[in-house]
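Enquirer: One structure, as structure tokens, below. Some questions next.
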Amino acid sequence: MFANLYGLRYFAAFTAGMVVLYTLAFVLGVRLKYFLSEARVERFLAGKPGILGNVAGAVLGAATPFCSCTTIPIFSGMLETNVGLGTAMSFLIASPTINPPGLILLWTLFGWRTMALYVAAVFFAAIVGGSILGQGSLGRYVYEIFLLDDGGGRPNAKEMLGGLLRFLRAFVGIILFAGLVATLLKGWKPTEGTIESFSSLGLAAVPAVVLLGMLVYGDFILLVPIAHSLILKGVPEGTVFAFIMAASGVGVPSLILLSKIVHKKLLLYYVGVLAALLILLGYAMNGVLS
């Protein structure tokens, strides 16, 4: 009974939180499009082409303490402004896999060398992944986001309210579904024994834990103590951190939400590119930290 009540509360909190975040993303995106662009406030991101934009997106992502689901409405807001797809993708990859509070915990438990290596790995994935996913040919796989009737001028209150209602109506089903999946996954997490058994697969361990991580939903700061316990039990550090990056950075609920913003082809590219990079980084970190 108590478990069911907790699950219902979590579902309600998750969906309500996402509705609030999507409302804020809508308002912010419209303001950026019609107001802030005139003052060039978004130049920090929009004015940096190519690799500089990817670096800027990764830095901004690293500075924000968001989980993978929370980044989706912010990502959608970026796409409505002059921020390029590659820059937004770098933000989307970096934001949930690294944050200032988590870094403090990482430093405390593992020391500065391991923390620095993890940060470098995340930035590599965010910058390279954003650069690959930001190719011009992939831009056509982004859906129109804000559903405003753009007459060329600034929208009045009535137009804003109408656009917001259409925007939320378009997302409400997918938010409820993502909330249901997140609630189910919240009650099921792989045990340390599960991950330990994956680590016994030899060279196949890293791809296996990356796949496992992509199927669950976890917050970076909550996963760091689990990583510490696994490493103390002898699981290779690169294998553990590959799992942490996958679990915090992808997650099924965030992919469900993302599917409403980008076409399934771009979603598959996103998952494929990120999985390949995390597997590569897992092997590399095992080599450096062994």
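In the structure tokens, chains take letters A, B, ... by order of appearance, with residues numbered from 1 within each chain and ligands from 1 in the order shown.
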Hey, what's within 8 Å of Gly218 (chain A) if we count only C-alpha atoms and toss same-chain stuff fewer than 2 positions away? As an MDAnalysis selection string, please?
Expert: chainID A and resid 216 220 222:223 247:248 251
Enquirer: Since we have the selection now, will you write its residues out, keeping C-alpha atoms, as a tab-separated table (two decimals), in the first residue's frame?
Expert:
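Contents of selection-v7.tsv, as written:
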```
chain	number	residue	atom	x	y	z
A	216	VAL	CA	17.45	2.68	-16.53
A	220	PHE	CA	24.32	11.52	-11.50
A	222	LEU	CA	22.86	9.56	-6.64
A	223	LEU	CA	24.87	7.20	-8.83
A	247	ALA	CA	22.37	5.86	-16.81
A	248	SER	CA	22.48	9.58	-16.02
A	251	GLY	CA	17.50	6.97	-19.76
```
Enquirer: Residues near Ala126 (chain A), anyone? I mean within 10 Å using only C-alpha atoms, not counting same-chain ones fewer than 2 positions away, as an MDAnalysis selection string.
Expert: chainID A and resid 54:55 57:59 61:62 86:95 97 120:124 128:132 274 277
Enquirer: Can you write out the residues you just picked, keeping C-alpha atoms, as an mmCIF file, in the first residue's frame?
Expert:
```
data_model
loop_
_atom_site.group_PDB
_atom_site.id
_atom_site.type_symbol
_atom_site.label_atom_id
_atom_site.label_comp_id
_atom_site.auth_asym_id
_atom_site.auth_seq_id
_atom_site.Cartn_x
_atom_site.Cartn_y
_atom_site.Cartn_z
ATOM 1 C CA ASN A 54 29.906 22.684 -29.004
ATOM 2 C CA VAL A 55 32.364 23.759 -26.301
ATOM 3 C CA GLY A 57 27.080 24.094 -25.010
ATOM 4 C CA ALA A 58 29.125 21.579 -23.033
ATOM 5 C CA VAL A 59 30.314 24.250 -20.564
ATOM 6 C CA GLY A 61 25.555 21.951 -19.566
ATOM 7 C CA ALA A 62 28.270 21.180 -17.024
ATOM 8 C CA GLY A 86 25.080 20.789 -32.501
ATOM 9 C CA THR A 87 25.431 23.276 -29.637
ATOM 10 C CA ALA A 88 22.084 22.185 -28.176
ATOM 11 C CA MET A 89 23.122 18.530 -28.491
ATOM 12 C CA SER A 90 26.374 19.219 -26.623
ATOM 13 C CA PHE A 91 24.326 20.805 -23.833
ATOM 14 C CA LEU A 92 21.923 17.838 -23.829
ATOM 15 C CA ILE A 93 24.781 15.349 -23.449
ATOM 16 C CA ALA A 94 26.791 17.258 -20.823
ATOM 17 C CA SER A 95 24.068 18.596 -18.535
ATOM 18 C CA THR A 97 26.136 13.563 -16.817
ATOM 19 C CA ALA A 120 37.422 15.168 -19.569
ATOM 20 C CA ALA A 121 35.461 12.106 -20.687
ATOM 21 C CA VAL A 122 32.126 13.914 -20.400
ATOM 22 C CA PHE A 123 33.411 16.946 -22.303
ATOM 23 C CA PHE A 124 34.832 14.695 -25.008
ATOM 24 C CA VAL A 128 32.396 15.237 -30.267
ATOM 25 C CA GLY A 129 28.827 13.953 -30.012
ATOM 26 C CA GLY A 130 27.375 17.433 -30.515
ATOM 27 C CA SER A 131 29.668 18.030 -33.467
ATOM 28 C CA ILE A 132 28.565 14.793 -35.160
ATOM 29 C CA LEU A 274 26.353 8.444 -27.619
ATOM 30 C CA LEU A 277 31.345 7.313 -27.520
#
```
Enquirer: Excluding Phe171 (chain A) and residues on its chain fewer than 5 positions from it, collect all residues at most 10 Å away from it, counting only C-alpha atoms, and give them as a ChimeraX atom specification.
Expert: /A:18-19,22,165-166,176,257,260-261
Enquirer: Between CA of Leu85 (chain A) and CA of Val271 (chain A), what is the distance, to one decimal in Å?
Expert: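 So the two atoms, CA of Leu85 (chain A) and CA of Val271 (chain A), lie 15.5 Å apart.
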Enquirer: Which residue out of A:Ala13, A:Ile175, A:Leu133, A:Leu106 has the minimum interatomic distance to Tyr270 (chain A) when only C-alpha atoms are used?
Expert: A:Leu133
Enquirer: Which residues are near Ile72 (chain A)? Cut-off 7 Å, only C-alpha atoms, ignore same chain within fewer than 3 positions. Put them as a ChimeraX atom specification.
Expert: /A:69,75-76,257-258
Enquirer: Write the residues of the selection above to a file with N, CA and C atoms, as an mmCIF file, in the first residue's frame.
Expert:
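Generated file (part-v7.cif):
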```
data_model
loop_
_atom_site.group_PDB
_atom_site.id
_atom_site.type_symbol
_atom_site.label_atom_id
_atom_site.label_comp_id
_atom_site.auth_asym_id
_atom_site.auth_seq_id
_atom_site.Cartn_x
_atom_site.Cartn_y
_atom_site.Cartn_z
ATOM 1 N N CYS A 69 15.818 14.138 -17.819
ATOM 2 C CA CYS A 69 14.471 14.572 -18.213
ATOM 3 C C CYS A 69 14.329 16.092 -18.150
ATOM 4 N N PHE A 75 16.427 22.015 -23.765
ATOM 5 C CA PHE A 75 16.912 21.693 -25.106
ATOM 6 C C PHE A 75 15.926 22.180 -26.164
ATOM 7 N N SER A 76 14.618 21.951 -25.929
ATOM 8 C CA SER A 76 13.614 22.390 -26.893
ATOM 9 C C SER A 76 13.590 23.910 -27.000
ATOM 10 N N LEU A 257 10.524 11.571 -23.997
ATOM 11 C CA LEU A 257 10.265 13.004 -24.121
ATOM 12 C C LEU A 257 10.954 13.584 -25.354
ATOM 13 N N LEU A 258 12.163 13.160 -25.602
ATOM 14 C CA LEU A 258 12.925 13.669 -26.738
ATOM 15 C C LEU A 258 12.278 13.286 -28.067
#
```
Enquirer: Work out how far apart CA of Val206 (chain A) and CA of Ile279 (chain A) are and give it in Å to one decimal.
Expert: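 Separating CA of Val206 (chain A) from CA of Ile279 (chain A) is a distance of 5.9 Å.
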Enquirer: To one decimal place, how far is CA of Ile98 (chain A) from CA of Leu266 (chain A) in Å?
Expert: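 Separating CA of Ile98 (chain A) from CA of Leu266 (chain A) is a distance of 23.3 Å.
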